[in-house]
Each structure stands twice: as C-alpha cells, then as structure tokens.
>>> print(open('run.tsv').read())   # TSV, C-alpha atoms and all ligand atoms
chain	number	residue	atom	x	y	z
A	1	MET	CA	-49.35	-40.55	30.91
A	2	ILE	CA	-46.15	-40.25	28.89
A	3	THR	CA	-44.54	-36.84	29.25
A	4	THR	CA	-42.70	-35.09	26.43
A	5	GLU	CA	-39.42	-35.70	28.19
A	6	GLU	CA	-40.05	-39.44	28.41
A	7	THR	CA	-41.06	-39.56	24.75
A	8	PHE	CA	-37.74	-38.06	23.73
A	9	GLU	CA	-35.87	-40.18	26.24
A	10	MET	CA	-37.35	-43.25	24.54
A	11	ARG	CA	-36.05	-42.09	21.19
A	12	ARG	CA	-32.46	-41.93	22.39
A	13	ARG	CA	-30.00	-44.25	20.71
A	14	GLY	CA	-28.31	-46.49	23.29
A	15	VAL	CA	-24.55	-46.44	23.86
A	16	MET	CA	-22.48	-49.63	23.73
A	17	LEU	CA	-20.09	-48.99	26.62
A	18	VAL	CA	-17.13	-51.36	26.73
A	19	LEU	CA	-14.92	-51.65	29.79
A	20	SER	CA	-11.71	-53.63	29.28
A	21	SER	CA	-8.74	-54.21	31.54
A	22	PRO	CA	-6.47	-57.01	32.66
A	23	SER	CA	-8.10	-59.25	35.31
A	24	GLY	CA	-7.74	-57.63	38.72
A	25	ALA	CA	-7.71	-53.99	37.60
A	26	GLY	CA	-11.09	-53.42	39.25
A	27	LYS	CA	-13.36	-53.67	36.23
A	28	THR	CA	-15.91	-56.05	37.73
A	29	SER	CA	-16.56	-53.85	40.79
A	30	LEU	CA	-16.72	-50.78	38.57
A	31	SER	CA	-19.28	-52.41	36.26
A	32	ARG	CA	-21.36	-53.47	39.25
A	33	SER	CA	-21.44	-49.92	40.63
A	34	MET	CA	-22.29	-48.44	37.22
A	35	LEU	CA	-25.28	-50.78	36.99
A	36	GLU	CA	-26.44	-50.04	40.54
A	37	GLN	CA	-26.35	-46.27	40.16
A	38	ASP	CA	-27.97	-45.97	36.72
A	39	ARG	CA	-31.14	-47.77	35.67
A	40	HIS	CA	-30.60	-46.84	32.02
A	41	ILE	CA	-27.67	-49.25	31.66
A	42	THR	CA	-27.95	-53.01	31.31
A	43	LEU	CA	-25.11	-55.53	31.45
A	44	SER	CA	-24.50	-57.77	28.47
A	45	ILE	CA	-24.14	-61.23	29.98
A	46	SER	CA	-21.63	-63.26	28.01
A	47	VAL	CA	-21.62	-66.95	27.27
A	48	THR	CA	-18.46	-68.82	28.22
A	49	THR	CA	-17.00	-72.31	28.17
A	50	ARG	CA	-14.98	-71.48	31.33
A	51	PRO	CA	-15.87	-73.53	34.43
A	52	MET	CA	-17.98	-71.68	37.01
A	53	ARG	CA	-16.03	-70.15	39.94
A	54	PRO	CA	-17.32	-70.38	43.52
A	55	GLY	CA	-20.04	-67.79	44.06
A	56	GLU	CA	-20.80	-67.32	40.38
A	57	VAL	CA	-24.37	-67.67	39.17
A	58	HIS	CA	-25.48	-68.99	35.78
A	59	GLY	CA	-27.37	-66.25	33.95
A	60	LYS	CA	-25.99	-63.49	36.21
A	61	ASP	CA	-22.20	-63.63	35.83
A	62	TYR	CA	-22.19	-65.65	32.62
A	63	PHE	CA	-24.21	-68.21	30.75
A	64	PHE	CA	-21.97	-71.23	31.28
A	65	VAL	CA	-22.17	-73.47	28.22
A	66	SER	CA	-20.41	-76.52	26.78
A	67	HIS	CA	-17.97	-76.27	23.87
A	68	ALA	CA	-20.58	-77.87	21.64
A	69	GLU	CA	-23.22	-75.30	22.57
A	70	PHE	CA	-20.73	-72.45	22.07
A	71	GLU	CA	-19.84	-73.76	18.61
A	72	ARG	CA	-23.53	-74.03	17.74
A	73	MET	CA	-24.06	-70.38	18.72
A	74	VAL	CA	-21.09	-69.31	16.56
A	75	GLU	CA	-22.36	-71.28	13.58
A	76	LYS	CA	-25.89	-69.87	13.91
A	77	GLY	CA	-24.52	-66.32	14.06
A	78	GLU	CA	-25.97	-65.82	17.54
A	79	LEU	CA	-22.84	-64.06	18.86
A	80	LEU	CA	-22.09	-60.41	18.15
A	81	GLU	CA	-18.42	-61.11	18.90
A	82	TYR	CA	-16.44	-63.91	20.45
A	83	ALA	CA	-12.87	-64.68	21.41
A	84	LYS	CA	-10.62	-67.20	23.10
A	85	VAL	CA	-9.27	-65.78	26.37
A	86	PHE	CA	-7.01	-67.88	28.62
A	87	ASP	CA	-7.92	-71.21	26.97
A	88	ASN	CA	-11.68	-70.60	27.23
A	89	TYR	CA	-14.18	-69.15	24.81
A	90	TYR	CA	-16.25	-66.07	25.58
A	91	GLY	CA	-18.92	-64.42	23.44
A	92	THR	CA	-21.65	-61.78	23.45
A	93	PRO	CA	-25.22	-62.91	22.60
A	94	ARG	CA	-26.44	-60.69	19.76
A	95	GLY	CA	-30.20	-60.75	20.40
A	96	PHE	CA	-30.10	-59.18	23.85
A	97	VAL	CA	-27.84	-56.33	22.73
A	98	ASN	CA	-30.01	-55.44	19.74
A	99	GLU	CA	-33.20	-55.49	21.80
A	100	THR	CA	-31.69	-53.33	24.55
A	101	LEU	CA	-30.20	-50.73	22.20
A	102	GLY	CA	-33.44	-50.68	20.20
A	103	GLY	CA	-35.29	-49.91	23.44
A	104	GLY	CA	-33.07	-46.83	23.97
A	105	LYS	CA	-31.04	-48.30	26.84
A	106	ASP	CA	-27.26	-48.43	27.09
A	107	VAL	CA	-25.43	-51.74	27.22
A	108	LEU	CA	-22.32	-52.32	29.32
A	109	PHE	CA	-19.80	-54.90	28.08
A	110	ASP	CA	-17.06	-56.47	30.17
A	111	ILE	CA	-15.07	-57.91	27.26
A	112	ASP	CA	-11.44	-58.11	26.18
A	113	TRP	CA	-9.56	-56.25	23.42
A	114	GLN	CA	-10.35	-58.91	20.81
A	115	GLY	CA	-14.08	-58.48	21.34
A	116	THR	CA	-13.76	-54.69	21.42
A	117	ARG	CA	-12.02	-54.79	18.04
A	118	GLN	CA	-14.88	-56.82	16.58
A	119	LEU	CA	-17.47	-54.37	17.95
A	120	ALA	CA	-15.44	-51.47	16.54
A	121	ALA	CA	-15.66	-53.14	13.13
A	122	SER	CA	-19.38	-53.96	13.30
A	123	ASN	CA	-20.91	-51.20	15.50
A	124	ARG	CA	-18.49	-48.24	15.50
A	125	PRO	CA	-21.14	-45.45	15.74
A	126	ASP	CA	-22.64	-46.96	18.90
A	127	LEU	CA	-19.38	-47.97	20.55
A	128	VAL	CA	-17.66	-46.14	23.41
A	129	SER	CA	-14.63	-48.03	24.67
A	130	VAL	CA	-12.83	-47.47	27.97
A	131	PHE	CA	-9.62	-49.17	29.06
A	132	ILE	CA	-8.88	-49.41	32.79
A	133	LEU	CA	-5.19	-49.58	33.74
A	134	PRO	CA	-3.96	-50.71	37.17
A	135	PRO	CA	-1.77	-48.17	39.02
A	136	SER	CA	1.14	-50.69	39.01
A	137	MET	CA	1.85	-54.35	38.29
A	138	ALA	CA	2.47	-54.94	42.02
A	139	GLU	CA	-1.01	-53.62	42.82
A	140	LEU	CA	-2.52	-55.76	40.08
A	141	GLU	CA	-0.96	-58.90	41.56
A	142	ARG	CA	-2.10	-57.92	45.06
A	143	ARG	CA	-5.69	-57.54	43.82
A	144	LEU	CA	-5.57	-60.88	42.02
A	145	ARG	CA	-4.37	-62.59	45.21
A	146	ILE	CA	-6.95	-60.92	47.45
A	147	ARG	CA	-9.63	-62.28	45.17
A	148	ALA	CA	-8.14	-65.71	45.96
A	149	GLN	CA	-10.43	-67.55	43.63
A	150	ASP	CA	-7.68	-68.72	41.32
A	151	SER	CA	-4.73	-71.01	42.03
A	152	ASP	CA	-1.13	-69.67	42.16
A	153	GLU	CA	-0.57	-71.11	38.74
A	154	VAL	CA	-3.60	-69.32	37.31
A	155	VAL	CA	-2.57	-66.03	38.98
A	156	ALA	CA	0.93	-66.35	37.49
A	157	GLY	CA	-0.56	-67.05	34.07
A	158	ARG	CA	-2.88	-64.05	34.32
A	159	MET	CA	-0.03	-61.76	35.41
A	160	ALA	CA	1.97	-62.83	32.38
A	161	LYS	CA	-1.00	-62.20	30.10
A	162	ALA	CA	-1.93	-58.88	31.76
A	163	GLN	CA	1.04	-57.25	30.05
A	164	ALA	CA	-0.18	-58.44	26.66
A	165	GLU	CA	-3.76	-57.30	27.37
A	166	MET	CA	-2.49	-53.89	28.50
A	167	SER	CA	-0.56	-53.36	25.27
A	168	HIS	CA	-3.93	-52.74	23.58
A	169	TRP	CA	-4.79	-49.56	25.48
A	170	PRO	CA	-4.10	-47.34	22.42
A	171	GLU	CA	-7.06	-48.96	20.61
A	172	TYR	CA	-9.56	-47.52	23.13
A	173	ASP	CA	-11.43	-44.21	23.08
A	174	TYR	CA	-10.74	-43.49	26.76
A	175	VAL	CA	-8.08	-44.72	29.20
A	176	ILE	CA	-8.34	-44.43	32.99
A	177	ILE	CA	-5.72	-45.34	35.60
A	178	ASN	CA	-7.67	-46.91	38.46
A	179	ARG	CA	-5.82	-45.41	41.46
A	180	ASN	CA	-8.98	-44.74	43.40
A	181	PHE	CA	-12.29	-46.56	42.97
A	182	ALA	CA	-14.61	-43.58	43.53
A	183	ALA	CA	-12.62	-41.32	41.22
A	184	THR	CA	-12.56	-43.94	38.45
A	185	LEU	CA	-16.29	-44.56	38.82
A	186	GLY	CA	-16.87	-40.80	38.53
A	187	GLN	CA	-14.79	-40.67	35.36
A	188	ILE	CA	-16.65	-43.52	33.68
A	189	THR	CA	-19.97	-41.92	34.64
A	190	ALA	CA	-18.83	-38.61	33.16
A	191	ILE	CA	-17.78	-40.32	29.92
A	192	LEU	CA	-21.14	-42.08	29.60
A	193	ASN	CA	-23.13	-38.92	30.34
A	194	ALA	CA	-21.16	-36.91	27.77
A	195	GLU	CA	-21.52	-39.61	25.12
A	196	ARG	CA	-25.29	-39.74	25.72
A	197	CYS	CA	-25.49	-36.02	24.87
A	198	LYS	CA	-23.89	-36.46	21.46
A	199	ARG	CA	-26.16	-35.12	18.75
A	200	VAL	CA	-26.15	-38.38	16.75
A	201	ARG	CA	-27.42	-40.28	19.78
A	202	GLN	CA	-30.51	-38.07	20.09
A	203	PRO	CA	-32.59	-38.79	16.99
A	204	GLY	CA	-35.59	-37.08	18.57
A	205	LEU	CA	-33.93	-33.66	18.63
A	206	ASP	CA	-35.30	-32.41	15.32
A	207	ASP	CA	-38.89	-33.07	16.40
A	208	PHE	CA	-38.21	-31.69	19.85
A	209	VAL	CA	-36.78	-28.41	18.56
A	210	ASN	CA	-39.61	-28.06	16.03
A	211	SER	CA	-42.12	-28.49	18.82
A	212	LEU	CA	-40.61	-25.69	20.94
A	301	LIG	P1	-13.02	-64.04	33.57
A	301	LIG	O1	-12.78	-65.46	33.18
A	301	LIG	O2	-12.03	-63.53	34.56
A	301	LIG	O3	-14.46	-63.80	33.98
A	301	LIG	O4	-12.82	-63.18	32.23
A	301	LIG	C1	-11.63	-63.27	31.51
A	301	LIG	C2	-11.60	-62.21	30.42
A	301	LIG	O5	-12.57	-62.49	29.43
A	301	LIG	C3	-11.90	-60.80	30.90
A	301	LIG	O6	-10.90	-59.93	30.39
A	301	LIG	C4	-13.23	-60.47	30.29
A	301	LIG	O7	-13.33	-59.10	29.98
A	301	LIG	C5	-13.20	-61.30	29.02
A	301	LIG	N1	-14.55	-61.58	28.53
A	301	LIG	C6	-15.66	-61.87	29.26
A	301	LIG	N2	-16.73	-62.04	28.47
A	301	LIG	C7	-16.31	-61.81	27.20
A	301	LIG	C8	-16.97	-61.83	25.93
A	301	LIG	O8	-18.17	-62.06	25.78
A	301	LIG	N3	-16.20	-61.55	24.85
A	301	LIG	C9	-14.86	-61.27	24.94
A	301	LIG	N4	-14.21	-61.00	23.81
A	301	LIG	N5	-14.21	-61.25	26.12
A	301	LIG	C10	-14.92	-61.52	27.23
>>> encode(input="run.tsv", output="structure tokens", more="lines below")
Ligand code: 5GP
Amino acid sequence: MITTEETFEMRRRGVMLVLSSPSGAGKTSLSRSMLEQDRHITLSISVTTRPMRPGEVHGKDYFFVSHAEFERMVEKGELLEYAKVFDNYYGTPRGFVNETLGGGKDVLFDIDWQGTRQLAASNRPDLVSVFILPPSMAELERRLRIRAQDSDEVVAGRMAKAQAEMSHWPEYDYVIINRNFAATLGQITAILNAERCKRVRQPGLDDFVNSL
C-alpha cells in the first residue's frame, strides 16, 4: 500500500546536483559516498572518448565510446551537455537524466565547469552546483600521485590545468574546501537536504496542505 508520505515523496522534483573540482580534490570519493548513503540519488554516467584506466568499468565509471559514436550522439541531440577536457570529449546522456528527474530522484553529476555552465543555461531551476577546492596545491599534487594511475607527464599537465579549472569557483552556488573528507561529505549532504526542502521542489505541497 502506498502511504500518504510516499505519494508526496513521489511528487518531489529531483535536484540536479553538480560536483566539480580539479582532478585529485576528492570529488570521486565524495560522489561515491553520497551515492552509498542516500538511495534517492543516482549518478549520471557520462560518455567519454578517453581511454579506460585500469580498474575502470564500462557502464559504471563511464560509457567509453569512439570519437565517431560521440559525434553521432552530439548530432542526434542525445547529450544534455558536452565538453572537451584534457584532449578528450565528455558528455552527459540526456535520456537518463530526464527519466530520473521525472521519477522524483536526484541526479549527481561529476562534470567540469564547461558542462556546469551549459546546465545552468538549460536547467537552472533544477541545478544545484558545488565546487570542491583542495586545501592547497601541494596537497592536490600529493593526491594525484597517490592515485598513481596517470604518468608523470599527465600529472604535470593536470596540475597546470587545475589552476584554470579552479578559477571558475565563483560560478558555483556553493564552494567547499575539502580539508577533511567526513566534514566535506557532511556539508554536501546538508546542501542537498536543504535544497530538497525548497518550496518549488515540492509540487505536492498544495494538495498535502489542503488534505490536512
Ligand atoms: P577524468 O578523465 O579524470 O575521469 O575526468 C576529467 C574531467 O572531466 C573531470 O573534471 C570530470 O568532472 C570531467 N567530466 C567527466 N564527465 C563529464 C561530462 O559528462 N561532462 C563534462 N562537461 N565534464 C565531465
């Protein structure tokens, strides 16, 4: 039996929660924990032309596609946003996002500032954007090296580009300095919970109040 609470829960309008940061600022682990602790959020899995890294799984980390397939998706309008990041293309499949939001679930996006800008232009009312800053550049480099999945050359390239990525923090709704994993996770959770309570995201409120 569907309870009143579930009925109204179903009528909630999903949040598009974007997490951006330079590589190595802790965003991937934060996204993973957000997804584990809250069954109402689903990750948007991007398509990319980047080669698969060791340990990555097609359909879980990304949908790894050829340039030709990526171009086809762009031409057919299948991507909600897309951008070139470090010589590779990345994009968000539109269908999955629309279905998930329509079903009253939140969608988490691990995308860069270029993609966030496109979502701000196309989906501003649903968008909540969070930028994660590293505590220092030295710490960022240390985290990139620990990960050890990229060559020295790639790490150096990413460090150089991190500065450029970070210059976009003023375009985000919220900015968090990731000094401590648990504290940062708590802050993102608080942001999401507050945004879910916004009046405009609860279209069932009128009916609910009338039924009291
Ligand atoms: P990586 O290659 O390390 O997985 O990701 C590189 C960068 O691409 C990250 O900053 C990540 O947020 C960004 N990215 C991943 N998927 C997408 C996407 O679908 N769209 C955009 N605009 N950026 C993405």
>>> closest_residue(input="run.tsv", among="A:Ile177, A:Val155, A:Ala194, A:Val15", to="A:Ser136", atoms="all atoms listed in the file")
A:Ile177
>>> closest_residue(input="run.tsv", among="A:Gly59, A:Gly91, A:Gly157, A:Gly14", to="A:Val74", atoms="all atoms listed in the file")
A:Gly91
>>> residues_around(input="run.tsv", residues="A:Val128", least_positions_apart="6", cutoff="7 Å", atoms="only C-alpha atoms", output="PyMOL selection string")
chain A and resi 15-18+173
>>> residues_near_ligand(input="run.tsv", ligand="ligand LIG 301 (chain A)", cutoff="8 Å", atoms="all atoms listed in the file", output="PDB file with C-alpha atoms, in the frame of the given file")
ATOM      1  CA  LEU A  19     -14.920 -51.650  29.790  1.00  0.00           C
ATOM      2  CA  SER A  20     -11.710 -53.630  29.280  1.00  0.00           C
ATOM      3  CA  SER A  21      -8.740 -54.210  31.540  1.00  0.00           C
ATOM      4  CA  PRO A  22      -6.470 -57.010  32.660  1.00  0.00           C
ATOM      5  CA  SER A  23      -8.100 -59.250  35.310  1.00  0.00           C
ATOM      6  CA  ILE A  45     -24.140 -61.230  29.980  1.00  0.00           C
ATOM      7  CA  SER A  46     -21.630 -63.260  28.010  1.00  0.00           C
ATOM      8  CA  VAL A  47     -21.620 -66.950  27.270  1.00  0.00           C
ATOM      9  CA  THR A  48     -18.460 -68.820  28.220  1.00  0.00           C
ATOM     10  CA  ARG A  50     -14.980 -71.480  31.330  1.00  0.00           C
ATOM     11  CA  ASP A  61     -22.200 -63.630  35.830  1.00  0.00           C
ATOM     12  CA  TYR A  62     -22.190 -65.650  32.620  1.00  0.00           C
ATOM     13  CA  GLU A  81     -18.420 -61.110  18.900  1.00  0.00           C
ATOM     14  CA  TYR A  82     -16.440 -63.910  20.450  1.00  0.00           C
ATOM     15  CA  ALA A  83     -12.870 -64.680  21.410  1.00  0.00           C
ATOM     16  CA  LYS A  84     -10.620 -67.200  23.100  1.00  0.00           C
ATOM     17  CA  VAL A  85      -9.270 -65.780  26.370  1.00  0.00           C
ATOM     18  CA  PHE A  86      -7.010 -67.880  28.620  1.00  0.00           C
ATOM     19  CA  ASN A  88     -11.680 -70.600  27.230  1.00  0.00           C
ATOM     20  CA  TYR A  89     -14.180 -69.150  24.810  1.00  0.00           C
ATOM     21  CA  TYR A  90     -16.250 -66.070  25.580  1.00  0.00           C
ATOM     22  CA  GLY A  91     -18.920 -64.420  23.440  1.00  0.00           C
ATOM     23  CA  THR A  92     -21.650 -61.780  23.450  1.00  0.00           C
ATOM     24  CA  PRO A  93     -25.220 -62.910  22.600  1.00  0.00           C
ATOM     25  CA  PHE A 109     -19.800 -54.900  28.080  1.00  0.00           C
ATOM     26  CA  ASP A 110     -17.060 -56.470  30.170  1.00  0.00           C
ATOM     27  CA  ILE A 111     -15.070 -57.910  27.260  1.00  0.00           C
ATOM     28  CA  ASP A 112     -11.440 -58.110  26.180  1.00  0.00           C
ATOM     29  CA  TRP A 113      -9.560 -56.250  23.420  1.00  0.00           C
ATOM     30  CA  GLN A 114     -10.350 -58.910  20.810  1.00  0.00           C
ATOM     31  CA  GLY A 115     -14.080 -58.480  21.340  1.00  0.00           C
ATOM     32  CA  THR A 116     -13.760 -54.690  21.420  1.00  0.00           C
TER      33      THR A 116
END
>>> closest_residue(input="run.tsv", among="A:Ser44, A:Pro54, A:His168, A:Leu192", to="A:Asn98", atoms="only C-alpha atoms")
A:Ser44
>>> closest_residue(input="run.tsv", among="A:Leu108, A:Ile188, A:Ala25, A:Val57", to="A:Ala162", atoms="all atoms listed in the file")
A:Ala25
>>> residues_around(input="run.tsv", residues="A:Gly24", least_positions_apart="3", cutoff="6 Å", atoms="only C-alpha atoms", output="PDB file with C-alpha atoms, in the frame of the given file")
ATOM      1  CA  LEU A 140      -2.520 -55.760  40.080  1.00  0.00           C
ATOM      2  CA  ARG A 143      -5.690 -57.540  43.820  1.00  0.00           C
ATOM      3  CA  LEU A 144      -5.570 -60.880  42.020  1.00  0.00           C
TER       4      LEU A 144
END
>>> closest_residue(input="run.tsv", among="A:Arg179, A:Arg117, A:Lys161, A:His58", to="A:Pro135", atoms="all atoms listed in the file")
A:Arg179
>>> residues_around(input="run.tsv", residues="A:Arg94", least_positions_apart="4", cutoff="6 Å", atoms="only C-alpha atoms", output="PyMOL selection string")
chain A and resi 78-80
>>> atom_distance(input="run.tsv", atom1="atom CA of A:Glu195", atom2="atom CA of A:Ile132")
17.7 Å
>>> closest_residue(input="run.tsv", among="A:Lys76, A:His67, A:Arg199, A:Arg145", to="A:Pro51", atoms="all atoms listed in the file")
A:His67
>>> atom_distance(input="run.tsv", atom1="atom CA of A:Thr49", atom2="atom CA of A:Glu139")
28.6 Å
>>> atom_distance(input="run.tsv", atom1="atom CA of A:Arg142", atom2="atom CA of A:Val175")
21.5 Å
>>> residues_around(input="run.tsv", residues="A:Gly26", least_positions_apart="5", cutoff="8 Å", atoms="all atoms listed in the file", output="PyMOL selection string")
chain A and resi 132+134+178+181
>>> axis_aligned_box(input="run.tsv", around="stretch 92-107 of chain A", padding_each_side="4 Å", output="AutoDock Vina command-line options")
--center_x -28.5 --center_y -54.9 --center_z 23.5 --size_x 21.6 --size_y 24.1 --size_z 15.5
>>> residues_near_point(input="run.tsv", point="(-28.4, -39.6, 22.2)", cutoff="10 Å", atoms="all atoms listed in the file", output="PyMOL selection string")
chain A and resi 8-15+104+126+193-205
>>> decode(input="run.tsv", residues="stretch 175-194 of chain A", atoms="N, CA, C and O atoms", output="PDB file, in the first residue's frame")
ATOM      1  N   VAL A 175      30.656  26.548  -2.411  1.00  0.00           N
ATOM      2  CA  VAL A 175      32.079  26.224  -2.533  1.00  0.00           C
ATOM      3  C   VAL A 175      32.556  25.633  -1.204  1.00  0.00           C
ATOM      4  O   VAL A 175      32.302  26.194  -0.133  1.00  0.00           O
ATOM      5  N   ILE A 176      33.206  24.470  -1.287  1.00  0.00           N
ATOM      6  CA  ILE A 176      33.676  23.806  -0.065  1.00  0.00           C
ATOM      7  C   ILE A 176      35.176  23.531  -0.193  1.00  0.00           C
ATOM      8  O   ILE A 176      35.639  23.044  -1.226  1.00  0.00           O
ATOM      9  N   ILE A 177      35.929  23.842   0.845  1.00  0.00           N
ATOM     10  CA  ILE A 177      37.360  23.493   0.874  1.00  0.00           C
ATOM     11  C   ILE A 177      37.455  22.113   1.527  1.00  0.00           C
ATOM     12  O   ILE A 177      37.042  21.935   2.673  1.00  0.00           O
ATOM     13  N   ASN A 178      37.952  21.156   0.755  1.00  0.00           N
ATOM     14  CA  ASN A 178      37.979  19.760   1.234  1.00  0.00           C
ATOM     15  C   ASN A 178      39.211  19.496   2.104  1.00  0.00           C
ATOM     16  O   ASN A 178      40.173  18.865   1.672  1.00  0.00           O
ATOM     17  N   ARG A 179      39.150  19.963   3.367  1.00  0.00           N
ATOM     18  CA  ARG A 179      40.266  19.727   4.295  1.00  0.00           C
ATOM     19  C   ARG A 179      40.119  18.373   4.944  1.00  0.00           C
ATOM     20  O   ARG A 179      41.079  17.718   5.302  1.00  0.00           O
ATOM     21  N   ASN A 180      38.864  17.961   5.115  1.00  0.00           N
ATOM     22  CA  ASN A 180      38.578  16.736   5.854  1.00  0.00           C
ATOM     23  C   ASN A 180      37.398  16.037   5.178  1.00  0.00           C
ATOM     24  O   ASN A 180      36.339  16.640   4.993  1.00  0.00           O
ATOM     25  N   PHE A 181      37.609  14.788   4.797  1.00  0.00           N
ATOM     26  CA  PHE A 181      36.615  14.072   3.990  1.00  0.00           C
ATOM     27  C   PHE A 181      35.237  14.039   4.654  1.00  0.00           C
ATOM     28  O   PHE A 181      34.225  14.378   4.030  1.00  0.00           O
ATOM     29  N   ALA A 182      35.199  13.635   5.931  1.00  0.00           N
ATOM     30  CA  ALA A 182      33.906  13.476   6.609  1.00  0.00           C
ATOM     31  C   ALA A 182      33.166  14.812   6.718  1.00  0.00           C
ATOM     32  O   ALA A 182      31.944  14.880   6.529  1.00  0.00           O
ATOM     33  N   ALA A 183      33.932  15.872   6.998  1.00  0.00           N
ATOM     34  CA  ALA A 183      33.302  17.189   7.140  1.00  0.00           C
ATOM     35  C   ALA A 183      32.737  17.648   5.797  1.00  0.00           C
ATOM     36  O   ALA A 183      31.618  18.165   5.716  1.00  0.00           O
ATOM     37  N   THR A 184      33.497  17.425   4.723  1.00  0.00           N
ATOM     38  CA  THR A 184      33.044  17.842   3.395  1.00  0.00           C
ATOM     39  C   THR A 184      31.798  17.052   2.994  1.00  0.00           C
ATOM     40  O   THR A 184      30.831  17.615   2.480  1.00  0.00           O
ATOM     41  N   LEU A 185      31.819  15.745   3.270  1.00  0.00           N
ATOM     42  CA  LEU A 185      30.661  14.912   2.953  1.00  0.00           C
ATOM     43  C   LEU A 185      29.424  15.428   3.705  1.00  0.00           C
ATOM     44  O   LEU A 185      28.329  15.521   3.136  1.00  0.00           O
ATOM     45  N   GLY A 186      29.613  15.785   4.964  1.00  0.00           N
ATOM     46  CA  GLY A 186      28.514  16.323   5.770  1.00  0.00           C
ATOM     47  C   GLY A 186      27.976  17.620   5.179  1.00  0.00           C
ATOM     48  O   GLY A 186      26.763  17.846   5.166  1.00  0.00           O
ATOM     49  N   GLN A 187      28.875  18.439   4.660  1.00  0.00           N
ATOM     50  CA  GLN A 187      28.432  19.718   4.087  1.00  0.00           C
ATOM     51  C   GLN A 187      27.640  19.504   2.795  1.00  0.00           C
ATOM     52  O   GLN A 187      26.605  20.135   2.584  1.00  0.00           O
ATOM     53  N   ILE A 188      28.103  18.594   1.961  1.00  0.00           N
ATOM     54  CA  ILE A 188      27.363  18.336   0.712  1.00  0.00           C
ATOM     55  C   ILE A 188      25.983  17.752   1.039  1.00  0.00           C
ATOM     56  O   ILE A 188      24.975  18.105   0.430  1.00  0.00           O
ATOM     57  N   THR A 189      25.941  16.853   2.008  1.00  0.00           N
ATOM     58  CA  THR A 189      24.672  16.250   2.418  1.00  0.00           C
ATOM     59  C   THR A 189      23.706  17.320   2.931  1.00  0.00           C
ATOM     60  O   THR A 189      22.516  17.316   2.595  1.00  0.00           O
ATOM     61  N   ALA A 190      24.247  18.263   3.708  1.00  0.00           N
ATOM     62  CA  ALA A 190      23.407  19.338   4.249  1.00  0.00           C
ATOM     63  C   ALA A 190      22.857  20.210   3.120  1.00  0.00           C
ATOM     64  O   ALA A 190      21.680  20.592   3.124  1.00  0.00           O
ATOM     65  N   ILE A 191      23.701  20.497   2.136  1.00  0.00           N
ATOM     66  CA  ILE A 191      23.273  21.319   0.995  1.00  0.00           C
ATOM     67  C   ILE A 191      22.131  20.619   0.263  1.00  0.00           C
ATOM     68  O   ILE A 191      21.087  21.207  -0.026  1.00  0.00           O
ATOM     69  N   LEU A 192      22.328  19.320  -0.016  1.00  0.00           N
ATOM     70  CA  LEU A 192      21.307  18.573  -0.754  1.00  0.00           C
ATOM     71  C   LEU A 192      19.997  18.522   0.030  1.00  0.00           C
ATOM     72  O   LEU A 192      18.914  18.754  -0.527  1.00  0.00           O
ATOM     73  N   ASN A 193      20.086  18.254   1.324  1.00  0.00           N
ATOM     74  CA  ASN A 193      18.861  18.169   2.133  1.00  0.00           C
ATOM     75  C   ASN A 193      18.113  19.497   2.171  1.00  0.00           C
ATOM     76  O   ASN A 193      16.885  19.529   2.083  1.00  0.00           O
ATOM     77  N   ALA A 194      18.868  20.594   2.281  1.00  0.00           N
ATOM     78  CA  ALA A 194      18.221  21.913   2.303  1.00  0.00           C
ATOM     79  C   ALA A 194      17.566  22.208   0.959  1.00  0.00           C
ATOM     80  O   ALA A 194      16.428  22.679   0.895  1.00  0.00           O
TER      81      ALA A 194
END
